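Peer 1: Mind looking over this structure? Questions follow.
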Amino acid sequence: MHMRAVRYLGPGLPFSLQSIPRPDPAVGQVRVKLKACGMCHTELHFRDGLLDLGCRDVTMGHEIAGVIDAVGTGVDASRLGERVLVYYYEGCGACEYCRSGDEQLCPAVKAQPGFSSDGGYADYMVVRASNCIPVPDHVPLEEIAPMACAGTTAVHAGKMAAIEPGEWVVIHGTGGVGLALLQYAQVAGGRVIAIDRSGVRLELASALGAEYVIDASRDPDVASQVLRLTGGAHVVFELVGRTATLQASLKMLRRRGRYVLVGYSAELLEVHPIDLIVRELRVMGSVGSTLQDAHDIVDLVSRGAIRSFVDRTIALEDFEQGLHALEQGDARGRIVIQFD
Ligand SMILES: [Zn+2]
Ligand SMILES: [Zn+2]
């Protein structure tokens, strides 16, 4: 039996919609029938060659939600029919990072659906059973799917920043991760300022409770505005990753502020050490998420503490149209591939 899959063939090459054999679950795995898969900027990074893990000919898509339709040996058959969100790291299980639950840092990852192994731009995919997190019936799968990356990344970065109640938190870039982080920061008690170049996204940020929104397309000196409003932010989440935003984010921090890097582009950040030294800034990268973060986001969304925003749903065949919209950066929330 065959199925449809959107394949990454190599850096600089367009993705290819192909018919490939439907996979069967191995020992300890389940097969997930896709219901929804969010589109992430990472896919553009793969296509454009900015991210190259050395893998070729793999199915894209790591914001996966679906229904378990087959179980491998050793997996409880009672999981058949379960609605699930898929956590997209499968570490080696033996290294110091895996042992402490930080599979996203594992240097010998066994599988990473949508990165180094087959992901969710396909009718079916197989994955380790424990990566499948049950989703309550009242949560639509097309809404939870984008949270598999955007939401988990936000939870992980939010935990890294250790936001304290009353702290000023800047969300620099209000795409999928930014909108989730904006809500997470408020759950943690932070006071949020959102910065973006898109008016519609800033309206959404306002509606979600941002105390201030700053439109960088009107006044590019966003650092001065934040400094004026707050005296310096306690935490900045940098989600854009362009030289100008990276520099502005650094400048708007108060002494001992935390600079959390999540987004990136092909551009660089140049910084003189003195800028970090005299303000005792803490610079941290945040990559992906842990399995626990994935459980947490399902819980937060299920309780209504974090809302997922879907700009539009598209058919798998229309993935190019979705990528184009992502590239334009005008989506208000995530673009989600929906399956029958
Ligand atoms: Zn490991
Ligand atoms: Zn992603």
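To be explicit about the labels: the chains of the structure tokens are called A, B, and onward in the order shown, and within each one the residues are counted from 1, while ligands get numbers from 1 in the order they are shown.
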Excluding A:Val169 and residues on its chain fewer than 5 positions from it, collect all residues at most 7 Å away from it, counting only C-alpha atoms, and give them as a PyMOL selection string.
Peer 2: chain A and resi 190-193+233-236
Peer 1: Which residues of chain A have any atom within 9 Å of an atom in ligand 2 when counting only C-alpha atoms and all ligand atoms, and what is the closest pair of atoms for each, with the distance in Å to one decimal? Order the rows by chain and rising number and write it as a Markdown table.
Peer 2:
| residue | atom | partner | partner_atom_place_in_ligand_line | distance |
| --- | --- | --- | --- | --- |
| A:Gly38 | CA | ligand 2 | 1 (Zn) | 8.4 |
| A:Met39 | CA | ligand 2 | 1 (Zn) | 7.5 |
| A:Cys40 | CA | ligand 2 | 1 (Zn) | 4.6 |
| A:His41 | CA | ligand 2 | 1 (Zn) | 6.4 |
| A:Thr42 | CA | ligand 2 | 1 (Zn) | 5.4 |
| A:Glu43 | CA | ligand 2 | 1 (Zn) | 7.7 |
| A:Gly61 | CA | ligand 2 | 1 (Zn) | 8.1 |
| A:His62 | CA | ligand 2 | 1 (Zn) | 6.4 |
| A:Glu63 | CA | ligand 2 | 1 (Zn) | 6.8 |
| A:Gly114 | CA | ligand 2 | 1 (Zn) | 9.0 |
| A:Pro146 | CA | ligand 2 | 1 (Zn) | 8.4 |
| A:Ala148 | CA | ligand 2 | 1 (Zn) | 7.9 |
| A:Cys149 | CA | ligand 2 | 1 (Zn) | 4.6 |
| A:Ala150 | CA | ligand 2 | 1 (Zn) | 6.1 |
| A:Thr153 | CA | ligand 2 | 1 (Zn) | 7.9 |
| A:Val177 | CA | ligand 2 | 1 (Zn) | 8.8 |
| A:Gly288 | CA | ligand 2 | 1 (Zn) | 7.8 |
Peer 1: Let's have the selection written as a PDB file, in the first residue's frame, with N, CA and C atoms.
Peer 2:
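Produced file out_21.pdb, reproduced below:
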ATOM      1  N   GLY A  38       1.272  21.131  11.140  1.00  0.00           N
ATOM      2  CA  GLY A  38       1.581  22.552  11.011  1.00  0.00           C
ATOM      3  C   GLY A  38       2.806  22.765  10.145  1.00  0.00           C
ATOM      4  N   MET A  39       2.874  23.954   9.530  1.00  0.00           N
ATOM      5  CA  MET A  39       4.039  24.301   8.709  1.00  0.00           C
ATOM      6  C   MET A  39       4.909  25.267   9.499  1.00  0.00           C
ATOM      7  N   CYS A  40       6.180  24.933   9.594  1.00  0.00           N
ATOM      8  CA  CYS A  40       7.124  25.693  10.425  1.00  0.00           C
ATOM      9  C   CYS A  40       8.194  26.332   9.534  1.00  0.00           C
ATOM     10  N   HIS A  41       8.773  27.442  10.013  1.00  0.00           N
ATOM     11  CA  HIS A  41       9.854  28.092   9.257  1.00  0.00           C
ATOM     12  C   HIS A  41      11.039  27.164   9.006  1.00  0.00           C
ATOM     13  N   THR A  42      11.172  26.163   9.874  1.00  0.00           N
ATOM     14  CA  THR A  42      12.270  25.205   9.704  1.00  0.00           C
ATOM     15  C   THR A  42      12.234  24.575   8.313  1.00  0.00           C
ATOM     16  N   GLU A  43      11.039  24.366   7.786  1.00  0.00           N
ATOM     17  CA  GLU A  43      10.934  23.771   6.453  1.00  0.00           C
ATOM     18  C   GLU A  43      11.593  24.681   5.404  1.00  0.00           C
ATOM     19  N   GLY A  61       7.927  17.898   8.031  1.00  0.00           N
ATOM     20  CA  GLY A  61       6.772  18.078   8.917  1.00  0.00           C
ATOM     21  C   GLY A  61       6.983  17.532  10.310  1.00  0.00           C
ATOM     22  N   HIS A  62       7.008  18.430  11.316  1.00  0.00           N
ATOM     23  CA  HIS A  62       7.223  17.972  12.693  1.00  0.00           C
ATOM     24  C   HIS A  62       6.169  18.529  13.649  1.00  0.00           C
ATOM     25  N   GLU A  63       5.091  19.109  13.107  1.00  0.00           N
ATOM     26  CA  GLU A  63       4.004  19.600  13.973  1.00  0.00           C
ATOM     27  C   GLU A  63       2.806  18.682  13.749  1.00  0.00           C
ATOM     28  N   GLY A 114      10.516  14.608  10.620  1.00  0.00           N
ATOM     29  CA  GLY A 114      10.453  15.906   9.958  1.00  0.00           C
ATOM     30  C   GLY A 114      11.797  16.596   9.872  1.00  0.00           C
ATOM     31  N   PRO A 146      -0.009  22.561  15.473  1.00  0.00           N
ATOM     32  CA  PRO A 146       1.092  23.536  15.452  1.00  0.00           C
ATOM     33  C   PRO A 146       1.800  23.661  16.795  1.00  0.00           C
ATOM     34  N   ALA A 148       2.868  21.333  18.513  1.00  0.00           N
ATOM     35  CA  ALA A 148       3.911  20.312  18.640  1.00  0.00           C
ATOM     36  C   ALA A 148       5.295  20.917  18.488  1.00  0.00           C
ATOM     37  N   CYS A 149       5.391  22.018  17.717  1.00  0.00           N
ATOM     38  CA  CYS A 149       6.680  22.720  17.641  1.00  0.00           C
ATOM     39  C   CYS A 149       6.539  24.116  18.228  1.00  0.00           C
ATOM     40  N   ALA A 150       5.638  24.917  17.671  1.00  0.00           N
ATOM     41  CA  ALA A 150       5.520  26.311  18.129  1.00  0.00           C
ATOM     42  C   ALA A 150       5.254  26.377  19.631  1.00  0.00           C
ATOM     43  N   THR A 153       8.209  24.696  21.783  1.00  0.00           N
ATOM     44  CA  THR A 153       9.382  25.576  21.755  1.00  0.00           C
ATOM     45  C   THR A 153       9.173  26.745  22.716  1.00  0.00           C
ATOM     46  N   VAL A 177       5.565  30.722  17.415  1.00  0.00           N
ATOM     47  CA  VAL A 177       6.246  30.587  18.708  1.00  0.00           C
ATOM     48  C   VAL A 177       5.983  31.817  19.569  1.00  0.00           C
ATOM     49  N   GLY A 288      14.246  23.574  20.544  1.00  0.00           N
ATOM     50  CA  GLY A 288      13.237  22.520  20.641  1.00  0.00           C
ATOM     51  C   GLY A 288      12.633  22.407  22.022  1.00  0.00           C
TER      52      GLY A 288
END
Peer 1: Please extract the residues at most 8 Å from ligand 1, counting only C-alpha atoms and all ligand atoms, and provide them as a PyMOL selection string, using the chain letters and residue numbers of this document.
Peer 2: chain A and resi 91-99+103+105-109
Peer 1: Would you write out those residues with C-alpha atoms, as a short mmCIF file (atom, residue, chain, number, x, y, z; two decimals), in the first residue's frame?
Peer 2:
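Heads up, here's the output in part07.cif:
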data_model
loop_
_atom_site.label_atom_id
_atom_site.label_comp_id
_atom_site.auth_asym_id
_atom_site.auth_seq_id
_atom_site.Cartn_x
_atom_site.Cartn_y
_atom_site.Cartn_z
CA GLY A 91 17.08 10.48 21.69
CA CYS A 92 19.51 7.61 22.14
CA GLY A 93 18.09 7.00 25.61
CA ALA A 94 21.53 6.41 27.13
CA CYS A 95 23.49 9.68 27.16
CA GLU A 96 23.57 12.15 30.07
CA TYR A 97 21.10 14.45 28.28
CA CYS A 98 18.58 11.70 27.56
CA ARG A 99 18.95 10.39 31.10
CA GLU A 103 16.40 14.59 24.42
CA LEU A 105 20.31 17.95 23.32
CA CYS A 106 21.13 14.31 22.57
CA PRO A 107 24.22 14.16 20.33
CA ALA A 108 23.15 10.78 18.92
CA VAL A 109 19.44 11.24 18.23
#
Peer 1: Which one is closest to A:His295: A:Leu80, A:Leu9, A:Ile133, A:Met125? Count only C-alpha atoms.
Peer 2: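 Checking each candidate against A:His295, we get A:Ile133 as the closest.
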Peer 1: Counting only C-alpha atoms, what is within 12 Å of A:Leu13, bar same-chain residues fewer than 2 positions away, as a list in words?
Peer 2: Arg7, Tyr8, Leu9, Gly10, Pro11, Phe15, Ser16, Glu43, Leu44, His45, Phe46, Arg47, Asp48, Gly49, Arg56 and Asp57 of chain A
Peer 1: Write the selection just made, keeping all heavy atoms, as a CSV table (one decimal), in the first residue's frame?
Peer 2:
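Output file again_14.csv is given in full below:
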chain,number,residue,atom,x,y,z
A,7,ARG,N,8.6,15.2,0.2
A,7,ARG,CA,9.9,14.8,0.5
A,7,ARG,C,10.9,16.0,0.3
A,7,ARG,O,10.9,16.7,-0.6
A,7,ARG,CB,10.4,13.7,-0.4
A,7,ARG,CG,9.4,12.5,-0.4
A,7,ARG,CD,9.4,11.7,0.8
A,7,ARG,NE,10.6,10.7,0.7
A,7,ARG,CZ,10.9,9.9,1.7
A,7,ARG,NH1,10.2,9.9,2.8
A,7,ARG,NH2,11.9,9.1,1.6
A,8,TYR,N,11.9,16.0,1.3
A,8,TYR,CA,13.1,16.9,1.2
A,8,TYR,C,14.2,16.1,0.5
A,8,TYR,O,14.5,15.0,0.9
A,8,TYR,CB,13.5,17.3,2.6
A,8,TYR,CG,14.9,17.9,2.7
A,8,TYR,CD1,15.2,19.2,2.3
A,8,TYR,CD2,15.9,17.1,3.3
A,8,TYR,CE1,16.5,19.7,2.5
A,8,TYR,CE2,17.1,17.6,3.5
A,8,TYR,CZ,17.4,18.9,3.1
A,8,TYR,OH,18.7,19.4,3.3
A,9,LEU,N,14.7,16.7,-0.6
A,9,LEU,CA,15.7,15.9,-1.4
A,9,LEU,C,17.1,16.4,-1.1
A,9,LEU,O,18.1,15.7,-1.3
A,9,LEU,CB,15.4,16.0,-2.9
A,9,LEU,CG,13.9,15.4,-3.2
A,9,LEU,CD1,13.7,15.6,-4.7
A,9,LEU,CD2,13.8,14.0,-2.8
A,10,GLY,N,17.2,17.7,-0.7
A,10,GLY,CA,18.5,18.2,-0.4
A,10,GLY,C,18.5,19.7,-0.4
A,10,GLY,O,17.5,20.3,-0.9
A,11,PRO,N,19.5,20.4,0.1
A,11,PRO,CA,19.5,21.9,0.2
A,11,PRO,C,19.4,22.5,-1.1
A,11,PRO,O,20.0,22.1,-2.1
A,11,PRO,CB,20.8,22.2,0.9
A,11,PRO,CG,21.7,21.0,0.8
A,11,PRO,CD,20.7,19.8,0.7
A,15,PHE,N,10.8,20.9,-2.6
A,15,PHE,CA,10.2,19.7,-2.0
A,15,PHE,C,9.5,18.9,-3.1
A,15,PHE,O,9.0,19.6,-4.1
A,15,PHE,CB,9.3,20.0,-0.9
A,15,PHE,CG,10.0,20.6,0.3
A,15,PHE,CD1,9.2,21.5,1.2
A,15,PHE,CD2,11.3,20.3,0.7
A,15,PHE,CE1,9.8,22.0,2.3
A,15,PHE,CE2,11.9,20.9,1.8
A,15,PHE,CZ,11.2,21.8,2.6
A,16,SER,N,9.3,17.7,-2.9
A,16,SER,CA,8.7,16.9,-4.0
A,16,SER,C,7.6,16.0,-3.4
A,16,SER,O,7.8,15.3,-2.4
A,16,SER,CB,9.8,16.0,-4.6
A,16,SER,OG,9.2,14.9,-5.2
A,43,GLU,N,11.0,24.4,7.8
A,43,GLU,CA,10.9,23.8,6.5
A,43,GLU,C,11.6,24.7,5.4
A,43,GLU,O,12.3,24.2,4.5
A,43,GLU,CB,9.5,23.5,6.1
A,43,GLU,CG,8.9,22.2,6.6
A,43,GLU,CD,8.4,22.3,8.0
A,43,GLU,OE1,7.2,22.8,8.2
A,43,GLU,OE2,9.0,21.8,9.0
A,44,LEU,N,11.4,26.0,5.6
A,44,LEU,CA,12.1,26.9,4.6
A,44,LEU,C,13.6,26.9,4.8
A,44,LEU,O,14.3,26.9,3.9
A,44,LEU,CB,11.6,28.4,4.9
A,44,LEU,CG,10.1,28.6,4.6
A,44,LEU,CD1,9.8,30.1,5.0
A,44,LEU,CD2,9.7,28.4,3.2
A,45,HIS,N,14.0,26.7,6.1
A,45,HIS,CA,15.5,26.7,6.4
A,45,HIS,C,16.1,25.4,5.7
A,45,HIS,O,17.2,25.5,5.2
A,45,HIS,CB,15.7,26.6,7.9
A,45,HIS,CG,15.3,27.9,8.6
A,45,HIS,ND1,15.3,29.1,8.0
A,45,HIS,CD2,15.0,28.1,9.9
A,45,HIS,CE1,14.9,30.0,8.9
A,45,HIS,NE2,14.7,29.4,10.0
A,46,PHE,N,15.3,24.3,5.7
A,46,PHE,CA,15.8,23.1,5.0
A,46,PHE,C,15.9,23.3,3.5
A,46,PHE,O,16.9,23.1,2.9
A,46,PHE,CB,14.8,21.9,5.2
A,46,PHE,CG,15.2,21.1,6.4
A,46,PHE,CD1,14.3,21.1,7.6
A,46,PHE,CD2,16.3,20.2,6.4
A,46,PHE,CE1,14.6,20.3,8.6
A,46,PHE,CE2,16.6,19.4,7.5
A,46,PHE,CZ,15.8,19.4,8.6
A,47,ARG,N,14.8,23.8,3.0
A,47,ARG,CA,14.7,24.0,1.5
A,47,ARG,C,15.8,25.0,1.0
A,47,ARG,O,16.4,24.7,0.0
A,47,ARG,CB,13.3,24.6,1.1
A,47,ARG,CG,13.1,24.6,-0.4
A,47,ARG,CD,11.9,25.5,-0.7
A,47,ARG,NE,12.2,26.9,-0.3
A,47,ARG,CZ,11.4,27.9,-0.3
A,47,ARG,NH1,10.1,27.7,-0.7
A,47,ARG,NH2,11.7,29.1,0.1
A,48,ASP,N,16.1,26.0,1.8
A,48,ASP,CA,17.0,27.0,1.4
A,48,ASP,C,18.5,26.7,1.7
A,48,ASP,O,19.4,27.4,1.4
A,48,ASP,CB,16.6,28.4,2.0
A,48,ASP,CG,15.2,28.8,1.6
A,48,ASP,OD1,14.8,28.3,0.5
A,48,ASP,OD2,14.6,29.7,2.2
A,49,GLY,N,18.6,25.6,2.5
A,49,GLY,CA,20.0,25.2,2.8
A,49,GLY,C,20.6,25.8,4.0
A,49,GLY,O,21.7,25.6,4.4
A,56,ARG,N,19.0,13.2,3.5
A,56,ARG,CA,18.4,13.4,2.2
A,56,ARG,C,17.2,12.5,2.1
A,56,ARG,O,17.2,11.4,2.7
A,56,ARG,CB,19.4,13.1,1.0
A,56,ARG,CG,20.6,14.0,1.1
A,56,ARG,CD,20.3,15.4,0.8
A,56,ARG,NE,21.6,16.3,0.8
A,56,ARG,CZ,22.0,16.9,1.9
A,56,ARG,NH1,21.3,16.9,3.0
A,56,ARG,NH2,23.1,17.6,1.8
A,57,ASP,N,16.2,12.9,1.2
A,57,ASP,CA,15.1,12.0,0.9
A,57,ASP,C,14.3,11.7,2.2
A,57,ASP,O,14.2,10.5,2.6
A,57,ASP,CB,15.5,10.8,0.2
A,57,ASP,CG,14.4,10.3,-0.7
A,57,ASP,OD1,13.4,11.0,-0.9
A,57,ASP,OD2,14.5,9.1,-1.2
Peer 1: Just want the 12 Å neighbourhood of A:Leu85, counted on only C-alpha atoms, with same-chain residues fewer than 3 positions away dropped. Output as number ranges by chain.
Peer 2: A: 32-38, 62-68, 82, 88, 120, 127, 129-136, 139-149, 151-152, 291, 294-299, 301
Peer 1: Quick one, how far is atom CA of A:Ser117 from atom CA of A:Met3?
Peer 2: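 So the answer is 16.3 Å.
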Peer 1: Quick one: pull the distance between atom CA of A:Ala188 and atom CA of A:Tyr87, Å, one decimal.
Peer 2: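 So the answer is 23.2 Å.
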Peer 1: Considering only C-alpha atoms, can you say which of A:Val86, A:Met1, A:Leu204, A:Val6 comes closest to A:Thr59?
Peer 2: A:Val6
Peer 1: Which residues, written as a short mmCIF file (atom, residue, chain, number, x, y, z; two decimals) with N, CA, C and O atoms, in the first residue's frame, have at least one atom at most 8 Å from A:Gly28, with only C-alpha atoms counted and residues fewer than 6 positions away on the same chain left out?
Peer 2:
data_model
loop_
_atom_site.label_atom_id
_atom_site.label_comp_id
_atom_site.auth_asym_id
_atom_site.auth_seq_id
_atom_site.Cartn_x
_atom_site.Cartn_y
_atom_site.Cartn_z
N VAL A 71 -0.27 -0.62 15.95
CA VAL A 71 0.75 -0.65 17.01
C VAL A 71 1.74 -1.77 16.72
O VAL A 71 1.37 -2.83 16.22
N GLY A 72 3.01 -1.52 17.05
CA GLY A 72 4.05 -2.53 16.88
C GLY A 72 4.10 -3.45 18.09
O GLY A 72 3.40 -3.24 19.09
N THR A 73 4.95 -4.45 18.00
CA THR A 73 5.14 -5.40 19.09
C THR A 73 5.54 -4.65 20.37
O THR A 73 6.37 -3.75 20.32
N GLY A 74 4.91 -5.04 21.47
CA GLY A 74 5.28 -4.44 22.75
C GLY A 74 4.47 -3.21 23.10
O GLY A 74 4.64 -2.65 24.18
N VAL A 75 3.61 -2.76 22.18
CA VAL A 75 2.79 -1.57 22.47
C VAL A 75 1.36 -2.04 22.77
O VAL A 75 0.81 -2.86 22.03
N ARG A 128 8.11 6.24 17.93
CA ARG A 128 8.15 5.58 19.23
C ARG A 128 6.84 5.87 19.98
O ARG A 128 6.39 7.03 20.01
N ALA A 129 6.25 4.84 20.56
CA ALA A 129 4.93 4.99 21.18
C ALA A 129 4.90 6.08 22.26
O ALA A 129 3.94 6.85 22.36
#
Peer 1: Restricting the calculation to only C-alpha atoms: of A:Ile306, A:Glu238, A:Ser217, A:Ser116, which residue gets closest to A:Gln186?
Peer 2: A:Ile306
Peer 1: A:Tyr121, A:Phe237, A:Gly176, A:Val30: which is nearest A:Leu326, counting only C-alpha atoms?
Peer 2: A:Gly176
Peer 1: Please provide as a PyMOL selection string all residues within 7 Å of A:Gln104, with the sequence filter that same-chain residues fewer than 5 positions apart are discarded (counting only C-alpha atoms).
Peer 2: chain A and resi 89+287-290
Peer 1: Take the residues that were just selected and, keeping N, CA and C atoms, output them as a PDB file, in the first residue's frame.
Peer 2:
ATOM      1  N   TYR A  89      11.355  14.399  19.030  1.00  0.00           N
ATOM      2  CA  TYR A  89      12.733  13.945  19.261  1.00  0.00           C
ATOM      3  C   TYR A  89      12.697  12.515  19.791  1.00  0.00           C
ATOM      4  N   VAL A 287      16.641  25.421  22.284  1.00  0.00           N
ATOM      5  CA  VAL A 287      16.345  24.638  21.089  1.00  0.00           C
ATOM      6  C   VAL A 287      15.271  23.594  21.388  1.00  0.00           C
ATOM      7  N   GLY A 288      14.246  23.574  20.544  1.00  0.00           N
ATOM      8  CA  GLY A 288      13.237  22.520  20.641  1.00  0.00           C
ATOM      9  C   GLY A 288      12.633  22.407  22.022  1.00  0.00           C
ATOM     10  N   SER A 289      12.462  21.174  22.481  1.00  0.00           N
ATOM     11  CA  SER A 289      11.725  20.959  23.718  1.00  0.00           C
ATOM     12  C   SER A 289      11.991  19.564  24.251  1.00  0.00           C
ATOM     13  N   THR A 290      11.585  19.362  25.489  1.00  0.00           N
ATOM     14  CA  THR A 290      11.651  18.016  26.080  1.00  0.00           C
ATOM     15  C   THR A 290      10.289  17.341  25.918  1.00  0.00           C
TER      16      THR A 290
END
Peer 1: Quick one: pull the distance between atom CA of A:Glu280 and atom CA of A:Gly257, Å, one decimal.
Peer 2: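 For atom CA of A:Glu280 relative to atom CA of A:Gly257, the distance reads 7.6 Å.
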Peer 1: Run DSSP on the backbone and tell me which residues of stretch 46-236 of chain A come out as strand (DSSP E or B); list them as number ranges by chain.
Peer 2: A: 58-60, 63-71, 83-86, 90, 111, 113-114, 117, 122, 124-128, 132-134, 168-172, 191-196, 212-215, 233-236
Peer 1: Write down as a count of residues only the residues belonging to stretch 22-230 of chain A that are assigned helix (DSSP H, G or I) by DSSP computed on the backbone.
Peer 2: 71
Peer 1: Write out as a list in words the residues lying within 8 Å of stretch 319-322 of chain A, counting only C-alpha atoms and excluding same-chain residues fewer than 3 positions away.
Peer 2: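 Near neighbours after the sequence-gap exclusion: Met39, Ile314, Ala315, Leu316, Ala325, Leu326, Ile335 and Ile337 of chain A.
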Peer 1: Let's have the selection written as a PDB file, in the first residue's frame, with all heavy atoms.
Peer 2:
ATOM      1  N   MET A  39       2.874  23.954   9.530  1.00  0.00           N
ATOM      2  CA  MET A  39       4.039  24.301   8.709  1.00  0.00           C
ATOM      3  C   MET A  39       4.909  25.267   9.499  1.00  0.00           C
ATOM      4  O   MET A  39       4.428  26.281   9.997  1.00  0.00           O
ATOM      5  CB  MET A  39       3.586  24.941   7.399  1.00  0.00           C
ATOM      6  CG  MET A  39       2.645  24.058   6.598  1.00  0.00           C
ATOM      7  SD  MET A  39       2.339  24.698   4.930  1.00  0.00           S
ATOM      8  CE  MET A  39       3.738  24.035   4.044  1.00  0.00           C
ATOM      9  N   ILE A 314      -4.815  23.964   4.773  1.00  0.00           N
ATOM     10  CA  ILE A 314      -4.654  23.685   3.340  1.00  0.00           C
ATOM     11  C   ILE A 314      -4.554  22.174   3.146  1.00  0.00           C
ATOM     12  O   ILE A 314      -4.327  21.428   4.092  1.00  0.00           O
ATOM     13  CB  ILE A 314      -3.395  24.377   2.753  1.00  0.00           C
ATOM     14  CG1 ILE A 314      -2.121  23.873   3.461  1.00  0.00           C
ATOM     15  CG2 ILE A 314      -3.496  25.886   2.880  1.00  0.00           C
ATOM     16  CD1 ILE A 314      -0.843  24.334   2.774  1.00  0.00           C
ATOM     17  N   ALA A 315      -4.706  21.749   1.887  1.00  0.00           N
ATOM     18  CA  ALA A 315      -4.550  20.324   1.564  1.00  0.00           C
ATOM     19  C   ALA A 315      -3.075  20.032   1.345  1.00  0.00           C
ATOM     20  O   ALA A 315      -2.286  20.928   1.030  1.00  0.00           O
ATOM     21  CB  ALA A 315      -5.346  19.990   0.306  1.00  0.00           C
ATOM     22  N   LEU A 316      -2.676  18.778   1.525  1.00  0.00           N
ATOM     23  CA  LEU A 316      -1.264  18.390   1.360  1.00  0.00           C
ATOM     24  C   LEU A 316      -0.728  18.802  -0.012  1.00  0.00           C
ATOM     25  O   LEU A 316       0.402  19.276  -0.129  1.00  0.00           O
ATOM     26  CB  LEU A 316      -1.113  16.877   1.568  1.00  0.00           C
ATOM     27  CG  LEU A 316       0.317  16.326   1.491  1.00  0.00           C
ATOM     28  CD1 LEU A 316       1.181  16.881   2.625  1.00  0.00           C
ATOM     29  CD2 LEU A 316       0.310  14.796   1.553  1.00  0.00           C
ATOM     30  N   ALA A 325       3.282  31.378   1.573  1.00  0.00           N
ATOM     31  CA  ALA A 325       2.672  32.274   2.568  1.00  0.00           C
ATOM     32  C   ALA A 325       3.583  32.424   3.790  1.00  0.00           C
ATOM     33  O   ALA A 325       3.710  33.521   4.355  1.00  0.00           O
ATOM     34  CB  ALA A 325       1.302  31.731   2.982  1.00  0.00           C
ATOM     35  N   LEU A 326       4.231  31.317   4.178  1.00  0.00           N
ATOM     36  CA  LEU A 326       5.175  31.368   5.303  1.00  0.00           C
ATOM     37  C   LEU A 326       6.295  32.344   5.003  1.00  0.00           C
ATOM     38  O   LEU A 326       6.691  33.151   5.845  1.00  0.00           O
ATOM     39  CB  LEU A 326       5.818  29.996   5.481  1.00  0.00           C
ATOM     40  CG  LEU A 326       5.377  29.083   6.610  1.00  0.00           C
ATOM     41  CD1 LEU A 326       6.306  27.881   6.671  1.00  0.00           C
ATOM     42  CD2 LEU A 326       5.393  29.805   7.944  1.00  0.00           C
ATOM     43  N   ILE A 335      -0.045  28.064   9.564  1.00  0.00           N
ATOM     44  CA  ILE A 335      -0.687  27.440   8.415  1.00  0.00           C
ATOM     45  C   ILE A 335      -0.612  25.934   8.647  1.00  0.00           C
ATOM     46  O   ILE A 335       0.437  25.408   8.999  1.00  0.00           O
ATOM     47  CB  ILE A 335       0.038  27.825   7.109  1.00  0.00           C
ATOM     48  CG1 ILE A 335      -0.040  29.347   6.915  1.00  0.00           C
ATOM     49  CG2 ILE A 335      -0.543  27.070   5.915  1.00  0.00           C
ATOM     50  CD1 ILE A 335       0.887  29.890   5.867  1.00  0.00           C
ATOM     51  N   ILE A 337      -1.581  21.943   7.458  1.00  0.00           N
ATOM     52  CA  ILE A 337      -2.043  20.981   6.461  1.00  0.00           C
ATOM     53  C   ILE A 337      -3.070  20.088   7.143  1.00  0.00           C
ATOM     54  O   ILE A 337      -2.813  19.545   8.216  1.00  0.00           O
ATOM     55  CB  ILE A 337      -0.870  20.116   5.932  1.00  0.00           C
ATOM     56  CG1 ILE A 337       0.167  21.007   5.233  1.00  0.00           C
ATOM     57  CG2 ILE A 337      -1.379  19.022   4.999  1.00  0.00           C
ATOM     58  CD1 ILE A 337       1.443  20.280   4.870  1.00  0.00           C
TER      59      ILE A 337
END
